[in-house]
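S.K.: Just run.cif, nothing more (mmCIF, C-alpha atoms and all ligand atoms):
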data_coords
#
loop_
_atom_site.group_PDB
_atom_site.id
_atom_site.type_symbol
_atom_site.label_atom_id
_atom_site.label_comp_id
_atom_site.auth_asym_id
_atom_site.auth_seq_id
_atom_site.Cartn_x
_atom_site.Cartn_y
_atom_site.Cartn_z
ATOM 1 C CA MET A 1 55.275 -13.713 49.657
ATOM 2 C CA PRO A 2 57.974 -15.496 47.606
ATOM 3 C CA LEU A 3 61.180 -13.792 46.559
ATOM 4 C CA THR A 4 60.653 -11.512 43.616
ATOM 5 C CA GLY A 5 62.788 -10.152 40.785
ATOM 6 C CA PRO A 6 63.253 -6.400 40.463
ATOM 7 C CA LYS A 7 61.307 -5.902 37.194
ATOM 8 C CA GLU A 8 58.065 -4.631 38.684
ATOM 9 C CA MET A 9 59.892 -2.627 41.370
ATOM 10 C CA PHE A 10 61.885 -0.801 38.701
ATOM 11 C CA GLU A 11 58.850 -0.161 36.496
ATOM 12 C CA LYS A 12 57.101 1.486 39.440
ATOM 13 C CA ALA A 13 60.270 3.377 40.372
ATOM 14 C CA TYR A 14 60.654 4.721 36.842
ATOM 15 C CA ALA A 15 57.036 5.828 36.691
ATOM 16 C CA GLY A 16 57.082 7.276 40.217
ATOM 17 C CA GLY A 17 60.448 9.061 40.097
ATOM 18 C CA HIS A 18 61.790 7.154 43.085
ATOM 19 C CA ALA A 19 64.518 4.510 43.450
ATOM 20 C CA VAL A 20 64.630 1.106 45.100
ATOM 21 C CA GLY A 21 67.172 0.774 47.904
ATOM 22 C CA ALA A 22 69.711 -2.011 47.527
ATOM 23 C CA PHE A 23 71.325 -2.670 50.880
ATOM 24 C CA ASN A 24 74.253 -5.005 51.523
ATOM 25 C CA VAL A 25 73.589 -7.776 54.029
ATOM 26 C CA ASN A 26 76.110 -9.786 56.030
ATOM 27 C CA ASN A 27 74.272 -11.098 59.097
ATOM 28 C CA MET A 28 70.928 -11.488 60.853
ATOM 29 C CA GLU A 29 70.893 -8.092 62.556
ATOM 30 C CA ILE A 30 71.439 -6.254 59.281
ATOM 31 C CA ILE A 31 68.683 -8.210 57.515
ATOM 32 C CA GLN A 32 66.241 -7.685 60.392
ATOM 33 C CA GLY A 33 67.025 -3.963 60.670
ATOM 34 C CA ILE A 34 66.526 -3.361 56.947
ATOM 35 C CA ILE A 35 63.287 -5.331 56.789
ATOM 36 C CA ALA A 36 61.830 -3.625 59.858
ATOM 37 C CA ALA A 37 62.448 -0.224 58.226
ATOM 38 C CA ALA A 38 60.959 -1.267 54.882
ATOM 39 C CA GLU A 39 57.945 -2.788 56.646
ATOM 40 C CA GLU A 40 57.181 0.469 58.414
ATOM 41 C CA GLU A 41 57.621 2.474 55.223
ATOM 42 C CA ARG A 42 55.913 -0.109 52.973
ATOM 43 C CA ALA A 43 58.907 0.156 50.645
ATOM 44 C CA PRO A 44 60.178 -2.399 48.094
ATOM 45 C CA LEU A 45 63.538 -3.861 48.898
ATOM 46 C CA ILE A 46 66.663 -5.363 47.361
ATOM 47 C CA LEU A 47 68.934 -7.276 49.727
ATOM 48 C CA GLN A 48 72.327 -7.687 48.132
ATOM 49 C CA VAL A 49 75.036 -10.190 48.913
ATOM 50 C CA SER A 50 78.676 -9.603 47.962
ATOM 51 C CA ALA A 51 81.375 -12.239 47.478
ATOM 52 C CA GLY A 52 82.717 -11.100 50.860
ATOM 53 C CA ALA A 53 79.308 -11.640 52.483
ATOM 54 C CA ARG A 54 79.115 -15.134 50.970
ATOM 55 C CA LYS A 55 82.534 -15.882 52.409
ATOM 56 C CA TYR A 56 81.683 -14.415 55.837
ATOM 57 C CA ALA A 57 78.201 -15.838 56.447
ATOM 58 C CA SER A 58 77.820 -18.413 53.622
ATOM 59 C CA GLN A 59 75.227 -18.127 50.888
ATOM 60 C CA VAL A 60 73.009 -20.793 52.462
ATOM 61 C CA TYR A 61 72.823 -19.023 55.837
ATOM 62 C CA LEU A 62 71.998 -15.712 54.206
ATOM 63 C CA MET A 63 69.305 -17.288 52.022
ATOM 64 C CA LYS A 64 67.774 -19.043 55.037
ATOM 65 C CA LEU A 65 67.687 -15.731 56.930
ATOM 66 C CA VAL A 66 65.916 -14.098 54.000
ATOM 67 C CA GLU A 67 63.491 -17.039 53.855
ATOM 68 C CA ALA A 68 62.738 -16.462 57.549
ATOM 69 C CA ALA A 69 61.995 -12.831 56.739
ATOM 70 C CA LEU A 70 59.603 -13.911 53.977
ATOM 71 C CA VAL A 71 57.593 -15.939 56.501
ATOM 72 C CA GLU A 72 57.063 -12.851 58.634
ATOM 73 C CA SER A 73 56.754 -10.192 55.951
ATOM 74 C CA ASP A 74 54.542 -9.581 52.931
ATOM 75 C CA LEU A 75 57.027 -7.133 51.364
ATOM 76 C CA PRO A 76 58.323 -7.705 47.847
ATOM 77 C CA ILE A 77 61.964 -8.674 48.447
ATOM 78 C CA CYS A 78 64.616 -9.326 45.816
ATOM 79 C CA VAL A 79 67.896 -11.112 46.615
ATOM 80 C CA HIS A 80 70.728 -9.907 44.422
ATOM 81 C CA LEU A 81 74.403 -10.813 43.954
ATOM 82 C CA ASP A 82 76.502 -7.648 44.300
ATOM 83 C CA HIS A 83 79.633 -7.324 42.113
ATOM 84 C CA GLY A 84 79.783 -10.853 40.732
ATOM 85 C CA ALA A 85 83.345 -11.117 39.447
ATOM 86 C CA ASP A 86 82.843 -13.956 36.966
ATOM 87 C CA PHE A 87 80.373 -16.398 35.443
ATOM 88 C CA ASP A 88 80.908 -19.050 38.144
ATOM 89 C CA ILE A 89 79.805 -16.909 41.100
ATOM 90 C CA CYS A 90 76.771 -15.696 39.125
ATOM 91 C CA LYS A 91 75.848 -19.296 38.288
ATOM 92 C CA ALA A 92 76.232 -20.373 41.937
ATOM 93 C CA CYS A 93 73.870 -17.609 43.068
ATOM 94 C CA ILE A 94 71.339 -18.269 40.293
ATOM 95 C CA ASP A 95 71.370 -21.975 41.154
ATOM 96 C CA GLY A 96 71.018 -21.051 44.850
ATOM 97 C CA GLY A 97 67.777 -19.131 44.312
ATOM 98 C CA PHE A 98 68.864 -15.492 43.889
ATOM 99 C CA THR A 99 66.374 -13.544 41.790
ATOM 100 C CA SER A 100 68.956 -11.105 40.425
ATOM 101 C CA VAL A 101 72.716 -11.080 39.849
ATOM 102 C CA MET A 102 75.303 -8.486 38.931
ATOM 103 C CA ILE A 103 78.110 -9.442 36.605
ATOM 104 C CA ASP A 104 80.778 -6.804 37.118
ATOM 105 C CA GLY A 105 83.077 -6.747 34.112
ATOM 106 C CA SER A 106 83.701 -3.016 34.500
ATOM 107 C CA HIS A 107 87.457 -3.504 34.979
ATOM 108 C CA LEU A 108 87.711 -5.518 31.730
ATOM 109 C CA PRO A 109 88.231 -4.179 28.207
ATOM 110 C CA PHE A 110 84.891 -3.338 26.511
ATOM 111 C CA GLU A 111 84.698 -6.487 24.332
ATOM 112 C CA GLU A 112 85.604 -8.784 27.248
ATOM 113 C CA ASN A 113 82.997 -7.105 29.456
ATOM 114 C CA ILE A 114 80.432 -7.722 26.699
ATOM 115 C CA ALA A 115 81.445 -11.378 26.337
ATOM 116 C CA VAL A 116 81.207 -12.293 30.024
ATOM 117 C CA THR A 117 77.983 -10.284 30.498
ATOM 118 C CA LYS A 118 76.383 -12.045 27.529
ATOM 119 C CA LYS A 119 77.310 -15.436 28.936
ATOM 120 C CA VAL A 120 75.690 -14.608 32.296
ATOM 121 C CA VAL A 121 72.604 -13.140 30.584
ATOM 122 C CA GLU A 122 72.069 -16.343 28.580
ATOM 123 C CA TYR A 123 72.274 -18.539 31.686
ATOM 124 C CA ALA A 124 70.241 -16.222 33.920
ATOM 125 C CA HIS A 125 67.422 -15.466 31.489
ATOM 126 C CA ASP A 126 66.932 -19.154 30.873
ATOM 127 C CA LYS A 127 66.053 -19.370 34.578
ATOM 128 C CA GLY A 128 64.080 -16.127 34.796
ATOM 129 C CA VAL A 129 66.790 -14.273 36.719
ATOM 130 C CA TRP A 130 67.551 -10.548 36.270
ATOM 131 C CA VAL A 131 71.051 -9.385 35.256
ATOM 132 C CA GLU A 132 72.706 -6.081 36.189
ATOM 133 C CA ALA A 133 75.987 -5.231 34.449
ATOM 134 C CA GLU A 134 78.407 -2.317 34.803
ATOM 135 C CA LEU A 135 80.072 -0.006 32.328
ATOM 136 C CA GLY A 136 82.524 2.656 33.453
ATOM 137 C CA ARG A 137 84.565 2.350 36.619
ATOM 138 C CA LEU A 138 84.054 3.721 40.136
ATOM 139 C CA ALA A 139 86.975 4.855 42.253
ATOM 140 C CA GLY A 140 87.340 3.210 45.650
ATOM 141 C CA ILE A 141 87.920 -0.215 47.071
ATOM 142 C CA GLU A 142 85.869 -3.228 46.141
ATOM 143 C CA GLU A 143 86.849 -6.696 47.145
ATOM 144 C CA HIS A 144 88.490 -7.725 43.922
ATOM 145 C CA VAL A 145 89.529 -4.399 42.421
ATOM 146 C CA VAL A 146 91.041 -1.149 43.687
ATOM 147 C CA SER A 147 90.468 1.823 41.376
ATOM 148 C CA GLU A 148 92.169 5.156 41.946
ATOM 149 C CA GLU A 149 90.110 7.135 39.458
ATOM 150 C CA ASN A 150 86.555 7.268 38.166
ATOM 151 C CA VAL A 151 86.175 6.329 34.502
ATOM 152 C CA TYR A 152 82.824 7.881 33.583
ATOM 153 C CA THR A 153 80.404 5.886 31.423
ATOM 154 C CA GLU A 154 80.318 6.906 27.751
ATOM 155 C CA PRO A 155 76.658 7.244 26.615
ATOM 156 C CA ASP A 156 77.260 5.751 23.129
ATOM 157 C CA GLN A 157 79.035 2.777 24.615
ATOM 158 C CA ALA A 158 76.231 2.290 27.157
ATOM 159 C CA VAL A 159 73.668 1.934 24.356
ATOM 160 C CA GLU A 160 75.861 -0.470 22.395
ATOM 161 C CA PHE A 161 76.598 -2.466 25.556
ATOM 162 C CA VAL A 162 72.934 -2.890 26.476
ATOM 163 C CA GLU A 163 71.956 -3.823 22.905
ATOM 164 C CA ARG A 164 74.724 -6.367 22.474
ATOM 165 C CA THR A 165 74.527 -8.043 25.911
ATOM 166 C CA GLY A 166 70.791 -7.952 26.631
ATOM 167 C CA CYS A 167 71.527 -7.032 30.278
ATOM 168 C CA ASP A 168 68.431 -5.903 32.190
ATOM 169 C CA SER A 169 69.907 -2.956 34.090
ATOM 170 C CA LEU A 170 73.173 -1.050 33.924
ATOM 171 C CA ALA A 171 75.371 0.420 36.648
ATOM 172 C CA ILE A 172 76.966 3.628 35.432
ATOM 173 C CA ALA A 173 79.790 5.844 36.657
ATOM 174 C CA ILE A 174 78.852 9.528 37.050
ATOM 175 C CA GLY A 175 80.913 10.494 40.089
ATOM 176 C CA THR A 176 79.889 8.234 42.974
ATOM 177 C CA SER A 177 82.487 5.855 44.397
ATOM 178 C CA HIS A 178 82.738 3.055 46.939
ATOM 179 C CA GLY A 179 83.620 3.552 50.590
ATOM 180 C CA ALA A 180 83.669 6.528 52.969
ATOM 181 C CA TYR A 181 86.052 8.790 50.996
ATOM 182 C CA LYS A 182 84.156 9.733 47.871
ATOM 183 C CA PHE A 183 85.238 13.284 47.060
ATOM 184 C CA LYS A 184 88.487 15.176 47.544
ATOM 185 C CA GLY A 185 86.833 18.545 46.836
ATOM 186 C CA GLU A 186 83.190 19.553 46.451
ATOM 187 C CA PRO A 187 80.843 16.586 45.869
ATOM 188 C CA ARG A 188 79.602 16.595 42.291
ATOM 189 C CA LEU A 189 77.688 14.186 40.056
ATOM 190 C CA ASP A 190 77.668 14.472 36.260
ATOM 191 C CA PHE A 191 73.940 15.060 35.710
ATOM 192 C CA GLU A 192 74.466 16.086 32.102
ATOM 193 C CA ARG A 193 75.916 12.649 31.394
ATOM 194 C CA LEU A 194 73.126 10.965 33.357
ATOM 195 C CA GLU A 195 70.490 12.858 31.404
ATOM 196 C CA THR A 196 72.106 11.929 28.086
ATOM 197 C CA ILE A 197 72.243 8.241 29.017
ATOM 198 C CA THR A 198 68.634 8.346 30.255
ATOM 199 C CA ASN A 199 67.468 9.911 26.986
ATOM 200 C CA MET A 200 69.418 7.425 24.882
ATOM 201 C CA LEU A 201 68.104 4.443 26.881
ATOM 202 C CA PRO A 202 64.472 5.425 27.503
ATOM 203 C CA LYS A 203 62.654 3.554 30.305
ATOM 204 C CA TYR A 204 65.802 1.529 30.947
ATOM 205 C CA PRO A 205 66.736 1.028 34.637
ATOM 206 C CA LEU A 206 70.086 2.545 35.617
ATOM 207 C CA VAL A 207 71.934 1.764 38.842
ATOM 208 C CA LEU A 208 74.098 3.923 41.087
ATOM 209 C CA HIS A 209 76.712 2.176 43.191
ATOM 210 C CA GLY A 210 78.729 3.866 45.908
ATOM 211 C CA SER A 211 75.766 5.907 47.130
ATOM 212 C CA SER A 212 76.360 6.320 50.839
ATOM 213 C CA SER A 213 76.111 9.845 52.212
ATOM 214 C CA VAL A 214 78.319 9.316 55.298
ATOM 215 C CA PRO A 215 76.065 11.357 57.628
ATOM 216 C CA GLN A 216 77.979 13.695 59.935
ATOM 217 C CA GLU A 217 75.920 12.630 62.958
ATOM 218 C CA TYR A 218 77.150 9.022 62.734
ATOM 219 C CA LEU A 219 80.673 10.068 61.761
ATOM 220 C CA ASP A 220 80.816 12.250 64.885
ATOM 221 C CA MET A 221 79.462 9.417 67.018
ATOM 222 C CA ALA A 222 81.981 6.913 65.643
ATOM 223 C CA ASN A 223 84.817 9.384 66.169
ATOM 224 C CA ALA A 224 83.660 10.459 69.637
ATOM 225 C CA PHE A 225 83.788 6.953 71.037
ATOM 226 C CA GLY A 226 87.241 5.848 69.945
ATOM 227 C CA GLY A 227 88.758 5.353 66.523
ATOM 228 C CA GLU A 228 89.075 7.999 63.852
ATOM 229 C CA ILE A 229 87.422 8.132 60.438
ATOM 230 C CA PRO A 230 88.928 11.456 59.377
ATOM 231 C CA GLY A 231 88.122 13.271 56.159
ATOM 232 C CA ALA A 232 85.286 10.989 55.111
ATOM 233 C CA LYS A 233 82.870 12.516 52.588
ATOM 234 C CA GLY A 234 79.777 10.963 51.006
ATOM 235 C CA VAL A 235 77.275 11.822 48.275
ATOM 236 C CA PRO A 236 74.873 14.570 49.430
ATOM 237 C CA GLU A 237 71.361 13.207 49.793
ATOM 238 C CA ASP A 238 69.775 15.827 47.549
ATOM 239 C CA LEU A 239 72.011 14.770 44.647
ATOM 240 C CA LEU A 240 70.894 11.150 45.034
ATOM 241 C CA ARG A 241 67.244 12.188 45.226
ATOM 242 C CA LYS A 242 67.754 14.151 42.007
ATOM 243 C CA ALA A 243 69.379 11.133 40.296
ATOM 244 C CA ALA A 244 66.296 9.061 41.138
ATOM 245 C CA LYS A 245 64.207 11.553 39.164
ATOM 246 C CA TYR A 246 66.133 10.558 36.020
ATOM 247 C CA GLY A 247 66.563 6.901 35.068
ATOM 248 C CA VAL A 248 68.225 5.721 38.282
ATOM 249 C CA CYS A 249 65.981 2.974 39.687
ATOM 250 C CA LYS A 250 68.404 1.255 42.088
ATOM 251 C CA ILE A 251 70.659 2.960 44.621
ATOM 252 C CA ASN A 252 73.300 0.872 46.416
ATOM 253 C CA ILE A 253 74.108 1.563 50.063
ATOM 254 C CA ASP A 254 76.570 -0.319 52.243
ATOM 255 C CA THR A 255 79.029 2.083 53.914
ATOM 256 C CA ASP A 256 76.314 4.001 55.791
ATOM 257 C CA ILE A 257 75.021 0.778 57.350
ATOM 258 C CA ARG A 258 78.552 -0.140 58.422
ATOM 259 C CA LEU A 259 79.055 3.324 59.849
ATOM 260 C CA ALA A 260 75.765 3.303 61.771
ATOM 261 C CA MET A 261 76.451 -0.107 63.330
ATOM 262 C CA THR A 262 80.029 0.719 64.267
ATOM 263 C CA ALA A 263 79.139 4.107 65.748
ATOM 264 C CA VAL A 264 76.394 2.662 67.934
ATOM 265 C CA ILE A 265 78.433 -0.350 69.052
ATOM 266 C CA ARG A 266 81.332 1.943 70.018
ATOM 267 C CA LYS A 267 78.935 4.217 71.904
ATOM 268 C CA THR A 268 77.263 1.327 73.756
ATOM 269 C CA LEU A 269 80.503 -0.310 74.813
ATOM 270 C CA THR A 270 82.117 2.978 75.859
ATOM 271 C CA GLU A 271 79.131 4.250 77.827
ATOM 272 C CA GLN A 272 78.400 0.870 79.393
ATOM 273 C CA PRO A 273 81.781 -0.792 79.889
ATOM 274 C CA ALA A 274 80.251 -3.540 82.024
ATOM 275 C CA VAL A 275 78.211 -4.816 79.057
ATOM 276 C CA PHE A 276 79.366 -8.123 77.647
ATOM 277 C CA ASP A 277 76.081 -9.582 76.438
ATOM 278 C CA PRO A 278 76.348 -9.406 72.613
ATOM 279 C CA ARG A 279 72.588 -8.914 72.392
ATOM 280 C CA LYS A 280 72.983 -5.516 74.074
ATOM 281 C CA TYR A 281 75.324 -4.034 71.470
ATOM 282 C CA LEU A 282 74.113 -6.065 68.479
ATOM 283 C CA GLY A 283 70.525 -5.149 69.389
ATOM 284 C CA ALA A 284 71.524 -1.483 69.450
ATOM 285 C CA ALA A 285 73.290 -1.958 66.099
ATOM 286 C CA ARG A 286 70.171 -3.558 64.600
ATOM 287 C CA GLN A 287 68.109 -0.555 65.702
ATOM 288 C CA ALA A 288 70.727 1.752 64.125
ATOM 289 C CA VAL A 289 70.420 -0.145 60.820
ATOM 290 C CA LYS A 290 66.659 0.257 60.949
ATOM 291 C CA ASP A 291 66.902 4.001 61.646
ATOM 292 C CA MET A 292 69.448 4.506 58.874
ATOM 293 C CA VAL A 293 67.443 2.556 56.275
ATOM 294 C CA GLN A 294 64.207 4.307 57.210
ATOM 295 C CA HIS A 295 65.971 7.638 56.789
ATOM 296 C CA LYS A 296 67.215 6.543 53.324
ATOM 297 C CA ILE A 297 63.775 5.398 52.217
ATOM 298 C CA LYS A 298 62.230 8.727 53.201
ATOM 299 C CA ASN A 299 64.972 11.176 52.205
ATOM 300 C CA VAL A 300 67.081 9.556 49.488
ATOM 301 C CA LEU A 301 64.982 6.933 47.708
ATOM 302 C CA GLY A 302 61.489 8.377 47.985
ATOM 303 C CA SER A 303 60.181 4.805 48.051
ATOM 304 C CA SER A 304 57.745 4.982 50.990
ATOM 305 C CA ASN A 305 54.376 3.378 50.138
ATOM 306 C CA ALA A 306 55.691 2.332 46.712
ATOM 307 C CA ILE A 307 54.670 -1.334 46.852
HETATM 308 O O1 LIG B 401 80.592 -2.437 46.728
HETATM 309 C C1 LIG B 401 80.885 -3.311 47.558
HETATM 310 C C2 LIG B 401 80.092 -3.494 48.773
HETATM 311 O O2 LIG B 401 80.260 -2.421 49.657
HETATM 312 C C3 LIG B 401 80.411 -4.808 49.412
HETATM 313 O O3 LIG B 401 81.571 -4.769 50.165
HETATM 314 O O4 LIG B 401 82.870 -6.727 49.306
HETATM 315 O O5 LIG B 401 83.367 -5.733 51.564
HETATM 316 O O6 LIG B 401 81.273 -7.042 51.196
HETATM 317 P P1 LIG B 401 82.317 -6.155 50.573
HETATM 318 P P1 LIG B 402 78.810 2.337 49.457
HETATM 319 O O1 LIG B 402 79.740 1.427 50.205
HETATM 320 O O2 LIG B 402 79.463 3.581 49.024
HETATM 321 O O3 LIG B 402 77.562 2.530 50.196
HETATM 322 O O4 LIG B 402 78.435 1.557 48.083
HETATM 323 C C1 LIG B 402 77.755 0.344 48.149
HETATM 324 C C2 LIG B 402 77.754 -0.369 46.842
HETATM 325 O O5 LIG B 402 77.916 0.199 45.780
HETATM 326 C C3 LIG B 402 77.514 -1.803 46.868
HETATM 327 O O6 LIG B 402 77.597 -2.368 45.605
HETATM 328 ZN ZN ZN B 403 79.030 -1.356 44.346
#
Now, as a test, write the supplied structure out as structure tokens.
Ligand code: G3H
Ligand code: 13P
Ligand code: ZN
M.R.:
Amino acid sequence: MPLTGPKEMFEKAYAGGHAVGAFNVNNMEIIQGIIAAAEEERAPLILQVSAGARKYASQVYLMKLVEAALVESDLPICVHLDHGADFDICKACIDGGFTSVMIDGSHLPFEENIAVTKKVVEYAHDKGVWVEAELGRLAGIEEHVVSEENVYTEPDQAVEFVERTGCDSLAIAIGTSHGAYKFKGEPRLDFERLETITNMLPKYPLVLHGSSSVPQEYLDMANAFGGEIPGAKGVPEDLLRKAAKYGVCKINIDTDIRLAMTAVIRKTLTEQPAVFDPRKYLGAARQAVKDMVQHKIKNVLGSSNAI
């Protein structure tokens, strides 16, 4: 099956009350682990590539790996640019065959965010490519921006933003954040705000970034075998599942994949110190990615058998 855009996936997600998982990919093992999980669950899939991933593996290598997956799999797969910082990176990905891009102008003043989003929308739509934009700001570290505080999305502004830019989906800030340290106190998402935005933008696909749950089991494993990730706290899975029942059609997960791989690699190398064949620990990491993604599909996204 050829690469697909997310339109049909989101329509089904909206109607079915589930969300499509968008997982960050950086190498072959991650791509293979994610696809193996989605295959078993018969779940739709978005593979997303950040600027950092493009720098690490190169866009061409990542696209060729996805193409290899398409030969072996009949799953609908969308390739998406995550957090495109400007028009040029969006254009490079559109020209390189991505079926969806994110232009992230969330750190810009409102009018500037509108201007750059509109420019990307015009170029992308001309080529049949989907555009995600962002309004509001998530706390945490992203490659190009560090934000200390959440700036929650204003519902009125969200409607105006969508109308004026023509963007196809919108990432909103309701309390999630990037990385492993999401909450200082009790985890909480602003469901009232989410409900208001959903009602004001009916049938419109919303996106949640920063949606890792930082499972204790993997945190314990990573900490038990050297290194410390103290005080990490993610978004509880039941809150994400609830968000998918509103207008959230895409849920972004990266940190939990990183955590699963690191925990299992640490465990393998500590328990088997004689191992120096990379296939031993990278193979174990690939299995950990598969297990993690399968868990997300079943317990967070609700997207099993949704293709
Ligand atoms: O939200 C950002 C993603 O986790 C990607 O992270 O820029 O380190 O690849 P990265
Ligand atoms: P996490 O790193 O919190 O999983 O967020 C991923 C993300 O939002 C990618 O855009
Ligand atoms: Zn993000």
S.K.: Could you spell out the hits of the PyMOL selection byres (((chain A and resi 117) around 9) and not hetatm) on the shown file, as number ranges by chain?
M.R.: A: 86-87, 103-105, 112-116, 118-122, 131-133, 165-167
S.K.: Which of these residues is nearest to ligand LIG 401 (chain B), using all atoms listed in the file: A:His178, A:Lys296, A:Arg279, A:Lys290?
M.R.: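 The answer is A:His178, which sits nearest to ligand LIG 401 (chain B).
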S.K.: Could you list the residues chosen by the PyMOL selection byres (((chain A and resi 210) around 12) and not hetatm) in this structure as a ChimeraX atom specification?
M.R.: /A:22-24,82-83,137-142,150,171-183,189,207-209,211-214,233-236,240,250-256
S.K.: Taking 5 positions as the minimum chain separation for residues in the same chain, which residues sit within 10 Å of Pro44 in chain A when counting all atoms listed in the file? Answer as an mmCIF file with C-alpha atoms, in the frame of the given file.
M.R.:
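As written to disk, part.cif reads:
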data_model
loop_
_atom_site.group_PDB
_atom_site.id
_atom_site.type_symbol
_atom_site.label_atom_id
_atom_site.label_comp_id
_atom_site.auth_asym_id
_atom_site.auth_seq_id
_atom_site.Cartn_x
_atom_site.Cartn_y
_atom_site.Cartn_z
ATOM 1 C CA PRO A 6 63.253 -6.400 40.463
ATOM 2 C CA GLU A 8 58.065 -4.631 38.684
ATOM 3 C CA MET A 9 59.892 -2.627 41.370
ATOM 4 C CA PHE A 10 61.885 -0.801 38.701
ATOM 5 C CA LYS A 12 57.101 1.486 39.440
ATOM 6 C CA ALA A 13 60.270 3.377 40.372
ATOM 7 C CA ALA A 19 64.518 4.510 43.450
ATOM 8 C CA VAL A 20 64.630 1.106 45.100
ATOM 9 C CA GLY A 21 67.172 0.774 47.904
ATOM 10 C CA ALA A 22 69.711 -2.011 47.527
ATOM 11 C CA ILE A 35 63.287 -5.331 56.789
ATOM 12 C CA ALA A 38 60.959 -1.267 54.882
ATOM 13 C CA GLU A 39 57.945 -2.788 56.646
ATOM 14 C CA LEU A 75 57.027 -7.133 51.364
ATOM 15 C CA PRO A 76 58.323 -7.705 47.847
ATOM 16 C CA ILE A 77 61.964 -8.674 48.447
ATOM 17 C CA CYS A 78 64.616 -9.326 45.816
ATOM 18 C CA ILE A 297 63.775 5.398 52.217
ATOM 19 C CA SER A 303 60.181 4.805 48.051
ATOM 20 C CA SER A 304 57.745 4.982 50.990
ATOM 21 C CA ASN A 305 54.376 3.378 50.138
ATOM 22 C CA ALA A 306 55.691 2.332 46.712
ATOM 23 C CA ILE A 307 54.670 -1.334 46.852
#
S.K.: CA of Gly97 in chain A and CA of Leu3 in chain A, how far apart in Å?
M.R.: 8.8 Å
S.K.: How big is the axis-aligned box, and where does its centre sit, when it encloses all atoms of range 238-249 of chain A listed in the file and has 3 Å added on every side, reported in Å to one decimal as lines of an AutoDock Vina configuration file?
M.R.:
center_x = 68.1
center_y = 9.4
center_z = 41.3
size_x = 13.8
size_y = 18.9
size_z = 18.5
S.K.: Report the residues retrieved by the PyMOL selection byres (((chain A and resi 70) around 12) and not hetatm) from the displayed file, expressed as a ChimeraX atom specification.
M.R.: /A:1-4,31-32,35,39,45,63-69,71-79
S.K.: For ligand ZN 403 (chain B), which of A:Ala53, A:Val300, A:Ala243, A:Met102 is the closest residue, counting all atoms listed in the file?
M.R.: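 The answer is A:Met102, which sits nearest to ligand ZN 403 (chain B).
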S.K.: Kindly indicate which residue among A:Leu81, A:Gly283, A:Leu135, A:Ala57 lies nearest to His107 in chain A, using only C-alpha atoms for the distances.
M.R.: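 Under the stated criterion, the closest residue is A:Leu135.
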S.K.: Taking only C-alpha atoms and all ligand atoms into account, which of A:Leu269, A:Ala224, A:Ile46, A:Ala36 comes nearest ligand LIG 402 (chain B)?
M.R.: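 Of the candidates, the smallest distance to ligand LIG 402 (chain B) is held by A:Ile46.
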S.K.: Show me, as an MDAnalysis selection string, the residues that have an atom within 10 Å of Ile229 in chain A when counting all atoms listed in the file, minus same-chain residues fewer than 2 positions from it.
M.R.: chainID A and resid 180:181 219:220 222:223 226:227 231:232 259
S.K.: Ranking A:Val151, A:Ile257, A:Val129, A:Ala158 by minimum distance to ligand LIG 401 (chain B) and counting all atoms listed in the file, which one comes first?
M.R.: A:Ile257
S.K.: Which polymer residues have any atom within 10 Å of an atom of Cys93 in chain A, counting all atoms listed in the file, with same-chain residues fewer than 6 positions away left out, as a PDB file with C-alpha atoms, in the coordinates of the input?
M.R.:
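Listed below is the output, result-v6.pdb:
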ATOM      1  CA  VAL A  49      75.036 -10.190  48.913  1.00  0.00           C
ATOM      2  CA  ARG A  54      79.115 -15.134  50.970  1.00  0.00           C
ATOM      3  CA  GLN A  59      75.227 -18.127  50.888  1.00  0.00           C
ATOM      4  CA  VAL A  60      73.009 -20.793  52.462  1.00  0.00           C
ATOM      5  CA  VAL A  79      67.896 -11.112  46.615  1.00  0.00           C
ATOM      6  CA  HIS A  80      70.728  -9.907  44.422  1.00  0.00           C
ATOM      7  CA  LEU A  81      74.403 -10.813  43.954  1.00  0.00           C
ATOM      8  CA  GLY A  84      79.783 -10.853  40.732  1.00  0.00           C
ATOM      9  CA  THR A  99      66.374 -13.544  41.790  1.00  0.00           C
ATOM     10  CA  SER A 100      68.956 -11.105  40.425  1.00  0.00           C
ATOM     11  CA  VAL A 101      72.716 -11.080  39.849  1.00  0.00           C
ATOM     12  CA  ALA A 124      70.241 -16.222  33.920  1.00  0.00           C
TER      13      ALA A 124
END
S.K.: Looking at A:Pro230, A:Ala263, A:Ala51, A:Gly96, which one is nearest to ligand LIG 402 (chain B), with distances taken over only C-alpha atoms and all ligand atoms?
M.R.: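 Ranking A:Pro230, A:Ala263, A:Ala51, A:Gly96 by distance to ligand LIG 402 (chain B), first place goes to A:Ala51.
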S.K.: Distance CA of Pro109 in chain A-CA of Val159 in chain A, one decimal place?
M.R.: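 That distance, rounded to one decimal, is 16.3 Å.
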